[in-house]
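Heads up, my_file.cif below (mmCIF, C-alpha atoms):
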```
data_my_file
loop_
_atom_site.label_atom_id
_atom_site.label_comp_id
_atom_site.auth_asym_id
_atom_site.auth_seq_id
_atom_site.Cartn_x
_atom_site.Cartn_y
_atom_site.Cartn_z
CA MET M 1 30.71 -7.36 6.46
CA ASP M 2 32.06 -4.79 3.99
CA THR M 3 29.19 -2.89 2.36
CA LYS M 4 30.97 -2.87 -1.01
CA THR M 5 30.83 -6.68 -1.23
CA LEU M 6 27.11 -6.91 -0.42
CA ARG M 7 24.52 -8.45 -2.70
CA VAL M 8 21.03 -7.26 -1.69
CA LEU M 9 17.61 -8.23 -3.04
CA PHE M 10 14.51 -6.11 -2.35
CA VAL M 11 11.15 -7.86 -2.82
CA VAL M 12 8.35 -5.28 -2.72
CA ASP M 13 4.58 -5.49 -3.31
CA ALA M 14 3.92 -1.75 -3.71
CA ILE M 15 3.69 -0.64 -7.34
CA LYS M 16 6.72 1.34 -8.46
CA GLY M 17 6.15 5.09 -8.22
CA ARG M 18 2.49 4.80 -7.17
CA ASN M 19 2.78 5.43 -3.42
CA GLY M 20 5.27 6.32 -0.72
CA VAL M 21 6.43 2.76 -0.01
CA GLY M 22 6.89 1.99 -3.71
CA ALA M 23 8.87 5.18 -4.29
CA TYR M 24 10.94 4.65 -1.12
CA PHE M 25 12.55 1.43 -2.33
CA GLN M 26 12.85 2.65 -5.89
CA ASP M 27 14.93 5.60 -4.63
CA LEU M 28 16.91 3.58 -2.10
CA VAL M 29 17.98 1.01 -4.68
CA SER M 30 19.08 3.73 -7.11
CA HIS M 31 21.40 5.13 -4.43
CA LEU M 32 22.76 1.74 -3.35
CA GLU M 33 23.71 0.73 -6.91
CA GLY M 34 27.09 2.43 -6.66
CA GLN M 35 27.79 1.38 -3.08
CA VAL M 36 27.26 -2.40 -3.01
CA GLU M 37 28.43 -5.23 -5.26
CA ARG M 38 24.91 -5.86 -6.59
CA VAL M 39 21.40 -4.76 -5.74
CA GLU M 40 18.17 -5.92 -7.37
CA LEU M 41 14.60 -4.67 -6.93
CA VAL M 42 11.69 -7.02 -7.59
CA GLN M 43 8.65 -4.73 -7.68
CA PRO M 44 5.49 -4.53 -9.82
CA CYS M 45 5.54 -1.78 -12.44
CA LEU M 46 2.66 -0.66 -14.66
CA GLN M 47 4.81 0.74 -17.47
CA GLU M 48 7.63 -1.85 -17.60
CA PRO M 49 6.55 -5.11 -15.93
CA HIS M 50 9.29 -6.89 -13.99
CA PRO M 51 10.17 -10.44 -15.22
CA CYS M 52 9.07 -11.77 -11.79
CA GLN M 53 5.72 -9.96 -12.05
CA GLY M 54 2.72 -12.13 -12.85
CA ALA M 55 -0.99 -11.47 -13.32
CA SER M 56 -2.92 -9.04 -11.16
CA MET M 57 -6.38 -8.25 -9.86
CA PRO M 58 -7.97 -4.90 -8.89
CA ILE M 59 -8.06 -4.03 -5.21
CA PRO M 60 -11.70 -3.73 -4.03
CA GLY M 61 -12.69 -0.12 -3.43
CA ASP M 62 -9.71 1.37 -5.23
CA PRO M 63 -9.60 0.90 -9.03
CA THR M 64 -6.30 2.84 -9.19
CA GLN M 65 -4.47 0.05 -7.32
CA ARG M 66 -3.87 -3.60 -8.25
CA LEU M 67 -2.75 -6.68 -6.34
CA PHE M 68 0.03 -8.40 -8.27
CA PHE M 69 1.08 -12.03 -8.01
CA PRO M 70 4.77 -12.90 -8.37
CA ARG M 71 6.17 -15.52 -10.75
CA VAL M 72 7.60 -17.77 -8.07
CA ARG M 73 9.85 -19.79 -10.40
CA GLU M 74 11.41 -16.63 -11.85
CA LEU M 75 11.92 -15.13 -8.39
CA SER M 76 13.49 -18.37 -7.13
CA ALA M 77 15.76 -18.48 -10.19
CA LEU M 78 16.86 -14.88 -9.55
CA VAL M 79 17.71 -15.68 -5.93
CA TRP M 80 19.62 -18.80 -6.99
CA GLU M 81 21.60 -16.87 -9.62
CA MET M 82 22.19 -13.79 -7.47
CA LYS M 83 22.87 -15.51 -4.12
CA PRO M 84 22.01 -12.38 -2.09
CA HIS M 85 23.50 -11.82 1.35
CA VAL M 86 20.25 -10.14 2.48
CA ILE M 87 16.64 -10.13 1.30
CA VAL M 88 14.65 -7.01 2.27
CA ILE M 89 10.85 -7.13 2.45
CA PRO M 90 8.40 -4.36 3.48
CA GLY M 91 5.82 -6.05 5.68
CA PRO M 92 2.76 -8.15 4.67
CA GLY M 93 2.16 -8.79 0.97
CA ILE M 94 2.24 -11.68 -1.48
CA PHE M 95 5.59 -10.65 -3.02
CA SER M 96 7.05 -10.09 0.45
CA MET M 97 5.78 -13.39 1.84
CA ILE M 98 7.17 -15.35 -1.10
CA GLY M 99 10.50 -13.53 -0.70
CA TYR M 100 10.45 -14.37 3.01
CA TRP M 101 9.64 -18.02 2.29
CA ILE M 102 12.55 -18.33 -0.17
CA ALA M 103 14.94 -16.66 2.29
CA LYS M 104 13.93 -18.98 5.12
CA LYS M 105 14.20 -22.11 2.94
CA TRP M 106 17.70 -21.15 1.76
CA GLY M 107 19.05 -19.65 4.96
CA ILE M 108 19.33 -16.04 3.74
CA PRO M 109 19.13 -13.28 6.39
CA VAL M 110 15.96 -11.18 6.19
CA CYS M 111 15.50 -7.46 6.89
CA VAL M 112 11.82 -6.55 7.23
CA THR M 113 10.75 -2.91 7.17
CA PHE M 114 7.90 -1.40 9.18
CA GLN M 115 6.52 1.64 7.34
CA THR M 116 2.76 1.48 7.78
CA ASP M 117 0.50 1.65 10.83
CA TYR M 118 -1.90 -1.08 9.69
CA ASN M 119 -4.13 -0.86 12.77
CA ARG M 120 -5.00 2.79 12.12
CA LEU M 121 -5.52 2.20 8.41
CA VAL M 122 -7.92 -0.72 8.73
CA GLU M 123 -9.90 1.14 11.41
CA LEU M 124 -10.15 4.15 9.10
CA TYR M 125 -11.46 2.07 6.19
CA TRP M 126 -13.40 -0.77 7.81
CA GLY M 127 -14.69 0.49 11.14
CA LYS M 128 -13.89 -0.88 14.59
CA ARG M 129 -15.50 -4.33 14.33
CA LEU M 130 -13.98 -5.43 11.02
CA ALA M 131 -10.77 -3.59 11.92
CA ARG M 132 -10.29 -5.90 14.91
CA LEU M 133 -10.42 -8.95 12.66
CA ALA M 134 -8.30 -7.51 9.84
CA GLY M 135 -5.90 -5.81 12.23
CA GLY M 136 -5.49 -9.02 14.20
CA PHE M 137 -4.56 -10.94 11.06
CA LEU M 138 -2.09 -8.27 9.90
CA ASN M 139 -0.53 -8.12 13.36
CA TRP M 140 -0.12 -11.90 13.31
CA VAL M 141 1.61 -11.73 9.92
CA ASN M 142 3.81 -8.88 11.13
CA ARG M 143 4.79 -10.85 14.24
CA THR M 144 5.68 -13.83 12.08
CA LEU M 145 7.88 -11.70 9.84
CA PHE M 146 9.50 -9.81 12.72
CA GLN M 147 10.26 -12.93 14.73
CA GLY M 148 11.68 -14.72 11.70
CA SER M 149 13.85 -11.86 10.45
CA GLU M 150 17.33 -10.86 11.55
CA THR M 151 16.71 -7.11 11.44
CA ALA M 152 13.72 -4.73 11.35
CA ALA M 153 13.96 -1.20 9.97
CA THR M 154 11.49 1.59 10.76
CA ILE M 155 11.23 5.18 9.54
CA CYS M 156 10.13 6.99 12.71
CA GLU M 157 10.76 6.71 16.45
CA SER M 158 7.17 5.88 17.41
CA MET M 159 7.26 2.71 15.27
CA ILE M 160 10.39 1.37 16.99
CA ALA M 161 8.38 0.51 20.11
CA GLN M 162 5.60 -1.04 18.01
CA ALA M 163 8.09 -3.21 16.14
CA ARG M 164 9.81 -4.31 19.36
CA ALA M 165 6.44 -5.16 20.95
CA ALA M 166 5.61 -7.28 17.91
CA GLY M 167 8.76 -9.33 18.40
CA ALA M 168 11.22 -7.53 16.13
CA ARG M 169 14.84 -8.28 16.86
CA ASN M 170 17.34 -5.46 16.62
CA PRO M 171 14.93 -2.76 15.30
CA GLN M 172 16.78 0.06 13.54
CA LEU M 173 15.69 3.63 12.76
CA VAL M 174 16.54 4.51 9.15
CA GLY M 175 16.05 7.72 7.22
CA THR M 176 14.33 8.32 3.90
CA PRO M 177 16.29 8.73 0.65
CA LEU M 178 15.31 11.13 -2.10
CA ALA M 179 15.07 10.64 -5.85
CA ARG M 180 17.87 12.43 -7.68
CA GLU M 181 15.36 14.72 -9.44
CA PHE M 182 14.54 16.42 -6.13
CA VAL M 183 18.17 16.91 -5.13
CA GLN M 184 20.00 17.63 -8.39
CA THR M 185 17.50 19.76 -10.35
CA PRO M 186 18.49 23.46 -10.06
CA ILE M 187 16.49 25.29 -7.39
CA GLN M 188 13.94 27.95 -8.30
CA PRO M 189 13.88 30.87 -5.81
CA LEU M 190 10.93 31.01 -3.43
CA ALA M 191 8.52 33.77 -4.47
CA GLU M 192 8.02 36.68 -2.08
CA GLN M 193 4.27 36.13 -1.73
CA VAL M 194 2.28 32.98 -1.05
CA SER M 195 0.07 32.59 -4.12
CA ARG M 196 0.18 28.88 -5.03
CA VAL M 197 -0.41 25.86 -2.77
CA CYS M 198 -0.18 22.21 -3.77
CA TYR M 199 -0.97 18.69 -2.57
CA VAL M 200 0.86 15.61 -3.88
CA GLY M 201 -0.17 12.07 -2.94
CA ARG M 202 -2.85 9.43 -3.06
CA LEU M 203 -6.43 10.63 -3.02
CA ALA M 204 -7.44 8.38 -0.16
CA ALA M 205 -9.15 8.64 3.22
CA GLU M 206 -5.96 8.51 5.32
CA LYS M 207 -4.60 11.56 3.47
CA ASN M 208 -7.51 13.74 4.69
CA ILE M 209 -7.74 15.37 1.25
CA GLU M 210 -11.10 16.89 2.25
CA SER M 211 -9.35 19.44 4.46
CA PHE M 212 -7.26 20.57 1.49
CA LEU M 213 -10.43 21.01 -0.59
CA VAL M 214 -11.99 23.08 2.23
CA LEU M 215 -8.85 25.23 2.29
CA ALA M 216 -9.08 25.84 -1.46
CA ALA M 217 -12.73 26.89 -1.15
CA SER M 218 -11.93 29.30 1.68
CA ARG M 219 -9.08 31.04 -0.17
CA PRO M 220 -10.28 32.07 -3.65
CA ASP M 221 -7.36 34.52 -3.77
CA LEU M 222 -4.89 31.63 -4.04
CA GLN M 223 -4.31 28.90 -6.64
CA PHE M 224 -4.44 25.24 -5.53
CA GLU M 225 -3.20 22.18 -7.44
CA VAL M 226 -3.65 18.48 -6.64
CA ALA M 227 -1.37 15.80 -8.07
CA GLY M 228 -2.36 12.19 -7.48
CA ASP M 229 -4.96 9.51 -7.98
CA GLY M 230 -7.02 7.25 -5.78
CA PRO M 231 -10.51 6.25 -4.61
CA LEU M 232 -11.45 9.85 -3.72
CA ARG M 233 -10.68 11.24 -7.16
CA GLY M 234 -14.38 11.83 -7.82
CA LYS M 235 -14.66 14.02 -4.73
CA VAL M 236 -11.71 16.12 -5.90
CA GLU M 237 -13.18 16.45 -9.39
CA GLU M 238 -16.47 17.69 -7.92
CA ALA M 239 -14.57 20.28 -5.87
CA CYS M 240 -12.73 21.43 -9.00
CA GLN M 241 -16.07 22.12 -10.68
CA ARG M 242 -17.13 24.32 -7.75
CA CYS M 243 -13.79 26.15 -7.30
CA ASP M 244 -12.16 28.00 -10.17
CA ASN M 245 -8.90 28.19 -8.20
CA LEU M 246 -8.56 24.38 -7.81
CA THR M 247 -6.95 22.11 -10.44
CA LEU M 248 -6.58 18.31 -10.48
CA LEU M 249 -3.53 17.11 -12.42
CA GLY M 250 -3.97 13.38 -11.82
CA TRP M 251 -1.02 11.06 -11.42
CA CYS M 252 2.28 12.79 -12.26
CA SER M 253 5.79 11.63 -13.08
CA ARG M 254 8.73 12.59 -10.89
CA GLU M 255 9.69 15.36 -13.29
CA GLN M 256 6.14 16.75 -13.25
CA VAL M 257 6.05 16.68 -9.44
CA VAL M 258 9.30 18.68 -9.32
CA GLU M 259 7.78 21.27 -11.67
CA LEU M 260 4.58 21.45 -9.60
CA ILE M 261 6.45 21.96 -6.32
CA ASP M 262 8.77 24.53 -7.89
CA ARG M 263 5.90 26.70 -9.10
CA SER M 264 4.25 26.51 -5.66
CA GLN M 265 5.27 28.24 -2.46
CA VAL M 266 3.60 25.80 -0.06
CA LEU M 267 3.00 22.06 -0.05
CA VAL M 268 0.34 20.72 2.34
CA LEU M 269 0.41 17.21 3.80
CA PRO M 270 -2.93 17.03 5.68
CA SER M 271 -2.80 13.30 6.53
CA SER M 272 -4.62 11.79 9.50
CA VAL M 273 -2.40 8.67 9.20
CA GLU M 274 1.15 9.09 7.86
CA ALA M 275 4.11 6.97 9.02
CA PHE M 276 6.57 9.45 7.52
CA GLY M 277 5.50 11.58 4.54
CA THR M 278 8.12 11.37 1.81
CA VAL M 279 6.48 14.08 -0.30
CA ALA M 280 7.10 16.56 2.53
CA LEU M 281 10.79 15.71 2.41
CA GLU M 282 10.77 16.11 -1.37
CA ALA M 283 9.23 19.59 -1.09
CA MET M 284 11.79 20.51 1.56
CA ALA M 285 14.55 19.45 -0.82
CA ARG M 286 13.07 21.83 -3.41
CA GLN M 287 13.38 24.65 -0.83
CA ARG M 288 9.65 25.06 -0.36
CA LEU M 289 7.46 25.65 2.70
CA VAL M 290 5.72 22.53 4.00
CA ILE M 291 2.66 22.26 6.26
CA THR M 292 2.19 18.95 8.08
CA THR M 293 -0.34 17.64 10.59
CA PRO M 294 0.73 16.32 14.02
CA ALA M 295 0.03 12.79 12.67
CA CYS M 296 2.95 12.87 10.22
CA GLY M 297 5.97 10.79 11.23
CA ILE M 298 8.40 13.20 9.60
CA ASN M 299 7.77 15.56 12.54
CA GLU M 300 9.54 13.07 14.82
CA TRP M 301 12.90 13.85 13.22
CA PRO M 302 14.09 16.99 15.10
CA ALA M 303 16.36 18.24 12.31
CA LEU M 304 13.51 17.98 9.78
CA ALA M 305 10.87 19.40 12.14
CA ARG M 306 12.77 22.70 12.24
CA GLY M 307 12.14 23.07 8.52
CA LEU M 308 8.43 22.19 8.73
CA TRP M 309 5.36 24.25 9.60
CA ILE M 310 3.44 21.86 11.86
CA MET M 311 -0.26 22.41 12.52
CA GLU M 312 -1.27 22.87 16.14
CA GLU M 313 -3.63 20.33 17.70
CA GLY M 314 -7.21 21.14 16.72
CA GLU M 315 -6.14 23.93 14.37
CA GLU M 316 -7.90 24.44 11.04
CA LEU M 317 -5.73 24.30 7.93
CA THR M 318 -6.93 27.79 6.98
CA SER M 319 -5.51 29.20 10.21
CA THR M 320 -2.22 27.34 9.74
CA LEU M 321 -1.73 28.79 6.28
CA GLN M 322 -2.63 32.23 7.57
CA ARG M 323 0.04 31.99 10.27
CA LEU M 324 2.60 30.92 7.69
CA SER M 325 1.64 33.70 5.28
CA ALA M 326 2.01 36.26 8.08
CA LEU M 327 5.76 35.63 8.28
CA THR M 328 8.06 38.15 6.62
CA VAL M 329 9.59 37.30 3.24
CA LEU M 330 12.98 36.81 4.93
CA GLU M 331 11.52 34.48 7.57
CA ARG M 332 9.83 32.33 4.95
CA ARG M 333 12.96 32.14 2.82
CA ASN M 334 15.11 31.23 5.83
CA LYS M 335 12.60 28.53 6.77
CA ALA M 336 12.69 27.12 3.23
CA SER M 337 16.49 27.27 3.13
CA ASP M 338 16.74 25.41 6.44
CA ALA M 339 14.30 22.82 5.08
CA ARG M 340 16.45 22.13 2.02
CA GLU M 341 19.62 21.66 4.07
CA ALA M 342 17.85 19.31 6.47
CA ALA M 343 16.42 17.26 3.59
CA ARG M 344 19.81 16.94 1.89
CA ALA M 345 21.39 15.83 5.18
CA MET M 346 18.62 13.25 5.68
CA ASN M 347 19.20 11.89 2.17
CA HIS M 348 22.95 11.49 2.76
CA ASP M 349 22.57 9.95 6.22
CA ALA M 350 19.78 7.57 5.15
CA ILE M 351 21.90 5.96 2.44
CA ALA M 352 24.89 5.59 4.78
CA HIS M 353 22.75 4.15 7.59
CA TRP M 354 21.02 1.67 5.28
CA GLY M 355 24.43 0.39 4.20
CA GLY M 356 25.33 -0.27 7.84
CA VAL M 357 22.01 -1.98 8.60
CA LEU M 358 22.32 -4.28 5.57
CA ALA M 359 25.94 -5.17 6.36
CA HIS M 360 25.00 -5.99 9.96
CA CYS M 361 22.05 -8.11 8.83
CA ALA M 362 24.19 -10.01 6.31
CA ALA M 363 26.72 -10.90 9.03
CA MET M 364 24.07 -12.62 11.18
CA LYS M 365 23.99 -16.41 11.02
CA THR M 366 20.84 -18.16 9.86
CA LYS M 367 20.05 -21.77 8.97
CA PRO M 368 17.94 -23.07 6.08
CA SER M 369 14.48 -24.13 7.20
CA SER M 370 13.73 -27.85 7.09
CA LEU M 371 10.08 -27.51 8.11
CA PRO M 372 7.39 -26.75 5.51
CA SER M 373 5.10 -23.76 6.02
CA PRO M 374 1.47 -24.50 5.03
CA THR M 375 0.62 -20.78 4.81
CA LEU M 376 3.56 -19.91 2.59
CA ALA M 377 3.13 -23.05 0.51
CA LEU M 378 -0.47 -21.96 -0.15
CA LEU M 379 0.73 -18.51 -1.19
CA ARG M 380 3.18 -20.15 -3.58
CA ARG M 381 0.44 -22.26 -5.17
CA LEU M 382 -1.88 -19.26 -5.48
CA SER M 383 0.87 -17.22 -7.08
CA SER M 384 1.73 -20.01 -9.53
CA HIS M 385 -1.93 -20.23 -10.60
CA HIS M 386 -1.90 -16.52 -11.49
CA VAL M 387 1.23 -16.64 -13.69
#
```

Can the structure from this file be put into structure tokens for me?
Amino acid sequence: MDTKTLRVLFVVDAIKGRNGVGAYFQDLVSHLEGQVERVELVQPCLQEPHPCQGASMPIPGDPTQRLFFPRVRELSALVWEMKPHVIVIPGPGIFSMIGYWIAKKWGIPVCVTFQTDYNRLVELYWGKRLARLAGGFLNWVNRTLFQGSETAATICESMIAQARAAGARNPQLVGTPLAREFVQTPIQPLAEQVSRVCYVGRLAAEKNIESFLVLAASRPDLQFEVAGDGPLRGKVEEACQRCDNLTLLGWCSREQVVELIDRSQVLVLPSSVEAFGTVALEAMARQRLVITTPACGINEWPALARGLWIMEEGEELTSTLQRLSALTVLERRNKASDAREAARAMNHDAIAHWGGVLAHCAAMKTKPSSLPSPTLALLRRLSSHHV
């Protein structure tokens, strides 16, 4: 099917601009707008609520996040009016499940994305016993979505095998697009000396923010800035009181993140669980040095890995930064320049590849479902009660 004639609907649970998954689809849709006939994004937003966005409730343990319920009638009306060739959903979630249910009832091909290692996350937060129960449920939902979809898209090689094992048909590796602010804003030259280091992301356990705080305490000669919010905000605030060289900025807009990265020489992504790491790609696009842990999925892209400074297994972050600082000015600038070119190439290729994946998915035949789904019907009733 010709990409230019496509009508694509994205149904996403992640709050717009509040985490990597939310930002991913926000950026992807902005790039697809000029390349397909029509593209719509149904996604909760705190500043400008979407018409399909209903009431919400706080997520236990993280007051910075909320679980939103969709307005099922409005979403159904949008699908009926739009008549999309493909509905894209990013894994388990109430919005995603309702989108999946509508697609199956009306015979619309589904592309499900696989961007989060749920097993590692639930084990990190809930411990091994509860993780088995929660992980088992999430795996069951994932299998249901994979087996009922026409295409699955993942963002790193290691997740291809996981998706295939879970029953995904035709899994595809897709790149990560960038917001225009990171590509089009004029570049600021990289300073000769490493004097400012930053972290951008959620303040949560999987991000291993503690190691960044330890780094700041060990290097009083450098300035450290943290942009983000999350359940570990209190821990970061306490560290700021102890360290004069550490500043917490809180949640920042895209423009503020660009400014933060531009005034830094190094961005650190210290995650213990990270399917990709979009912020690393954003910093690369700004021609900055980026430190990642071996756990980051972005390392699996060879072209991007050449522009990254990857920690060695068992290495302390302090030692990693010291190795990076020991490079000559020319070596650091060449590394940063290579990083920018790789990020720009990823951005271009990701948009083109997504167009091909969506066109292929739209061409696959699917029949409307005649059998009711008790689970999805329950989700619909729950959602309707929270309108």

Report task. Check what the PyMOL selection byres ((chain M and resi 85-91) around 6) selects in the file above and give those residues as number ranges by chain. Result -> M: 7-11, 84, 92, 96, 109-113, 362

Requested in this report: Could you please give me, as JSON, numbers by chain, the residues of protein, DNA or RNA lying at most 12 Å from (7.8, -1.5, 0.3) in the coordinate frame of the file, considering all atoms listed in the file?
Outcome: {"M": [10, 11, 12, 13, 14, 15, 16, 17, 18, 19, 20, 21, 22, 23, 24, 25, 26, 27, 28, 29, 41, 42, 43, 44, 88, 89, 90, 91, 92, 93, 94, 95, 96, 111, 112, 113, 114, 115, 116, 153, 154, 155]}

Report task. Kindly provide, as an MDAnalysis selection string, the polymer residues lying within 12 Å of (17.0, 17.0, -6.9), counting only C-alpha atoms and using the coordinates exactly as they appear in the file. Result -> chainID M and resid 27 177:188 254:255 257:259 261:262 281:287 340 343:344 347

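Evaluated against the shown file, the PyMOL selection byres ((chain M and resi 104) around 9) gives Gly99, Tyr100, Trp101, Ile102, Ala103, Lys105, Trp106, Gly107, Ile108, Pro109, Val110, Gly148, Ser149, Thr366, Lys367, Pro368 and Ser369 of chain M.
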
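Between atom CA of M:Ala191 and atom CA of M:Ala339 the interatomic distance comes to 15.6 Å.
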
Report task. Specify as a ChimeraX atom specification each residue included when the PyMOL selection byres ((chain M and resi 158-165) around 10) is applied to this file. Result -> /M:113-117,142-143,146-147,152-157,166-173,275,297,300

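Residue nearest M:Thr151 within the list M:Val266, M:Ala204, M:Leu358, M:Ala305: M:Leu358 [criterion: smallest interatomic distance, only C-alpha atoms].
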
Stretch 176-252 of chain M residues near stretch 324-336 of chain M within 10 Å, closest pair each, using all atoms listed in the file, as CSV:
```
residue,atom,partner,partner_atom,distance
M:Pro189,CA,M:Arg333,CA,8.8
M:Leu190,CA,M:Arg333,CA,6.7
M:Ala191,CA,M:Val329,CA,8.5
M:Glu192,CA,M:Val329,CA,5.6
M:Gln193,CA,M:Val329,CA,7.4
M:Val194,CA,M:Ser325,CA,6.4
M:Ser195,CA,M:Ser325,CA,9.6
```

Requested in this report: For M:Phe276, list every protein, DNA or RNA residue within 6 Å, evaluated using all atoms listed in the file, and leave out those in the same chain fewer than 2 positions away; present the list as a PyMOL selection string.
Outcome: chain M and resi 274+296-298

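Residue nearest M:Trp251 within the list M:Ala363, M:Leu75, M:Ala227, M:Cys45: M:Ala227 [criterion: smallest interatomic distance, all atoms listed in the file].
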
Requested in this report: Calculate how many Å separate atom CA of M:Ser271 from atom CA of M:Ala350, rounding to one decimal.
Outcome: 23.3 Å

Because some atoms of stretch 8-19 of chain M are absent here, can you restore N, CA, C and O atoms and send them as a PDB file, in the coordinates of the input?
```pdb
ATOM      1  N   VAL M   8      22.290  -7.493  -2.400  1.00  0.00           N
ATOM      2  CA  VAL M   8      21.030  -7.260  -1.690  1.00  0.00           C
ATOM      3  C   VAL M   8      19.855  -7.369  -2.656  1.00  0.00           C
ATOM      4  O   VAL M   8      19.887  -6.787  -3.752  1.00  0.00           O
ATOM      5  N   LEU M   9      18.833  -8.092  -2.244  1.00  0.00           N
ATOM      6  CA  LEU M   9      17.610  -8.230  -3.040  1.00  0.00           C
ATOM      7  C   LEU M   9      16.440  -7.638  -2.274  1.00  0.00           C
ATOM      8  O   LEU M   9      16.185  -8.004  -1.125  1.00  0.00           O
ATOM      9  N   PHE M  10      15.726  -6.698  -2.908  1.00  0.00           N
ATOM     10  CA  PHE M  10      14.510  -6.110  -2.350  1.00  0.00           C
ATOM     11  C   PHE M  10      13.311  -6.752  -3.043  1.00  0.00           C
ATOM     12  O   PHE M  10      13.248  -6.765  -4.281  1.00  0.00           O
ATOM     13  N   VAL M  11      12.368  -7.254  -2.265  1.00  0.00           N
ATOM     14  CA  VAL M  11      11.150  -7.860  -2.820  1.00  0.00           C
ATOM     15  C   VAL M  11       9.966  -7.063  -2.273  1.00  0.00           C
ATOM     16  O   VAL M  11       9.640  -7.151  -1.082  1.00  0.00           O
ATOM     17  N   VAL M  12       9.325  -6.292  -3.145  1.00  0.00           N
ATOM     18  CA  VAL M  12       8.350  -5.280  -2.720  1.00  0.00           C
ATOM     19  C   VAL M  12       7.021  -5.463  -3.448  1.00  0.00           C
ATOM     20  O   VAL M  12       6.995  -5.665  -4.658  1.00  0.00           O
ATOM     21  N   ASP M  13       5.915  -5.383  -2.701  1.00  0.00           N
ATOM     22  CA  ASP M  13       4.580  -5.490  -3.310  1.00  0.00           C
ATOM     23  C   ASP M  13       4.081  -4.176  -3.887  1.00  0.00           C
ATOM     24  O   ASP M  13       3.341  -4.174  -4.877  1.00  0.00           O
ATOM     25  N   ALA M  14       4.436  -3.051  -3.276  1.00  0.00           N
ATOM     26  CA  ALA M  14       3.920  -1.750  -3.710  1.00  0.00           C
ATOM     27  C   ALA M  14       4.345  -1.442  -5.145  1.00  0.00           C
ATOM     28  O   ALA M  14       5.509  -1.640  -5.523  1.00  0.00           O
ATOM     29  N   ILE M  15       3.414  -0.946  -5.946  1.00  0.00           N
ATOM     30  CA  ILE M  15       3.690  -0.640  -7.340  1.00  0.00           C
ATOM     31  C   ILE M  15       4.694   0.506  -7.437  1.00  0.00           C
ATOM     32  O   ILE M  15       4.578   1.508  -6.734  1.00  0.00           O
ATOM     33  N   LYS M  16       5.654   0.350  -8.312  1.00  0.00           N
ATOM     34  CA  LYS M  16       6.720   1.340  -8.460  1.00  0.00           C
ATOM     35  C   LYS M  16       6.144   2.719  -8.799  1.00  0.00           C
ATOM     36  O   LYS M  16       5.384   2.888  -9.745  1.00  0.00           O
ATOM     37  N   GLY M  17       6.517   3.706  -7.971  1.00  0.00           N
ATOM     38  CA  GLY M  17       6.150   5.090  -8.220  1.00  0.00           C
ATOM     39  C   GLY M  17       4.713   5.459  -7.916  1.00  0.00           C
ATOM     40  O   GLY M  17       4.313   6.598  -8.151  1.00  0.00           O
ATOM     41  N   ARG M  18       3.914   4.519  -7.361  1.00  0.00           N
ATOM     42  CA  ARG M  18       2.490   4.800  -7.170  1.00  0.00           C
ATOM     43  C   ARG M  18       2.125   5.196  -5.743  1.00  0.00           C
ATOM     44  O   ARG M  18       1.028   5.673  -5.502  1.00  0.00           O
ATOM     45  N   ASN M  19       3.019   4.976  -4.787  1.00  0.00           N
ATOM     46  CA  ASN M  19       2.780   5.430  -3.420  1.00  0.00           C
ATOM     47  C   ASN M  19       4.106   5.593  -2.706  1.00  0.00           C
ATOM     48  O   ASN M  19       5.169   5.338  -3.282  1.00  0.00           O
TER      49      ASN M  19
END
```
